[in-house]
Amino acid sequence: MDKNRVYIFDTTLRDGEQVPGCQLNTVEKIQVAKQLELLGVDIIEAGFPVSSPGDFKSVVEIGKATSTPVICALTRAVEKDIDVAADALKALPMNRRRIHTGIGTSDSHIKYKFNSTREEIIERAVRAVKHARKYVEDVEFYAEDAGRTDNEYLARVVEAVINAGATVVNIPDTNGYCLPAEYGEKIKYLFDNVPNIQNAIISTHCHNDLGMATANTMSGVLNGARQVEVTINGIGERAGNTALEEVVMIMKCHHNLGLHTNIDSHKIYPTSRMVRTLMNMPVQPNKAIVGRNAFAHSSGIHQDGVLKNKGTYEIMDPQDIGIDKNAIVLTARSGRAALKYRLSVLGIKMEGEELDALYAKFLDLADKKKEIHDDDLLLLASGHNTKQQYIKIKNFQVTSGKDLKAAAVLQIQTAGNMDWDVKAETGNGPVDAAIKALKKFFDKYNMELKEFTLQSINKGSDDTCKVHVQVEVKHKDEQQGMLCYGFASNTDIVLASVEAYIDAVNKYFAIKSKDDTNDADATEKEI
């Protein structure tokens, strides 16, 4: 075994997908999983199978769609969870199956979450690992809230689960509480005090609540951990997880560490953009490695230094992470071949009728914009799959101006109605007027806009904008509303806003029509 090899465990499709509004369908998850495989990820945590039929299906389909990475399924230390996870993985060869099971080990979790004792927790942990080993050879155990677990007790847990057959032991800083030195000392303590620790790989899983996820992860690696659990762009619940791109490039830039991964760094940026677009999760401009400003220099002193020698202020070449300075800019005159090529660079493969359909949408957008950039293409591709629409929009018109009351007229068709109905309303602005007009179609429902976010994709007044909304929808006979997320992109800001709102409402009716399939027990998804 290569002692300097660090394994990359990507949990974008499990922990990362728990961000409100970032949920993907199975087709989109497969698209991300294939890109992660191209990137060189060693292990893909594909879901929590017992939590919902959707998660179960995703684990199965991701396993089918990929050929190299180990596919990991998360469970609690519960036999039913483990049985369901094993069922989701059963079609894969044994060397590609991993069950990730575990339980909370901090005194807080033991007392308040489980109403248990330290000894009982160790017994449950051992039983879970032994049960998982009946199905797979590769079992990972997580000690939830290990960051706040007493080191002496944590060492006892780790020794017990390794004896029970755990091949990987995950030491999560679940709440992002640890200081880097503290977390590193915890990993070192385990190596110094667990007699059988060489029989398993120690893994880090750090959250970013105090902005220290990457620092904690690297501290863990420097003290012996050889697996890191990460997400693309650092997405995840609350403040997120450790960012894959940051850990990988730290090890690549600091050659003296002697550490290496299997990641093809040239595919980092395309992967980042794909995840950002599909999961509707903007990356802050100053985000390390993949942010828009990561390689931008506005200071005159900095610019002068970079022009003389890039190494004065750039510790890595943008091309090392896949930023293509010679990227083809597409226009309305670009053909299918150029579109197909650029999509392939972005990790999207399309052929035949599917490519033809997307090309028609591409031309429509290209007629409105002078140039089509990668982010535009990713938006087009992500919205390409046909979804059932309970509300369809035919015509839309707004008027607004200085000293003029904004007004909107909508013509839409709702499910079960063969006619196109028209409603009009005024508002504080064109978006407000349009939403008020839309609400008039649904007199039996209360709809409240909870969040409205508008993002410019590139630059220029003709740019495509992306709108993200959260809408709480409640039938007047219901006690509690449902929060639904809507997304849309368009060169027209007002139209994009209306389409995003309609997308959210469509999702409400889609969920209701499926008898609340997605409401299965999903507790303890986070470690």
# chains A, B, ... in the order shown; residues from 1 in each chain; ligands from 1
call {"tool": "select_by_dssp", "arguments": {"residues": "region 6-222 of chain A", "states": "alpha helix (DSSP H)", "output": "number ranges by chain"}}
result
A: 26-39, 53-65, 79-89, 107-108, 118-133, 151-164, 180-193, 213-222
call {"tool": "atom_distance", "arguments": {"atom1": "CA of Arg133 (chain A)", "atom2": "CA of Asp173 (chain A)"}}
result
25.3 Å
call {"tool": "select_by_dssp", "arguments": {"residues": "region 94-236 of chain A", "states": "strand (DSSP E)", "output": "ChimeraX atom specification"}}
result
/A:97-104,139-144,168-173,201-206,227-230
call {"tool": "atom_distance", "arguments": {"atom1": "CA of Glu425 (chain A)", "atom2": "CA of Leu410 (chain A)"}}
result
8.9 Å
call {"tool": "closest_residue", "arguments": {"among": "A:Ile71, A:Val139, A:Ile315, A:Val168", "to": "Lys252 (chain A)", "atoms": "only C-alpha atoms"}}
result
A:Ile315
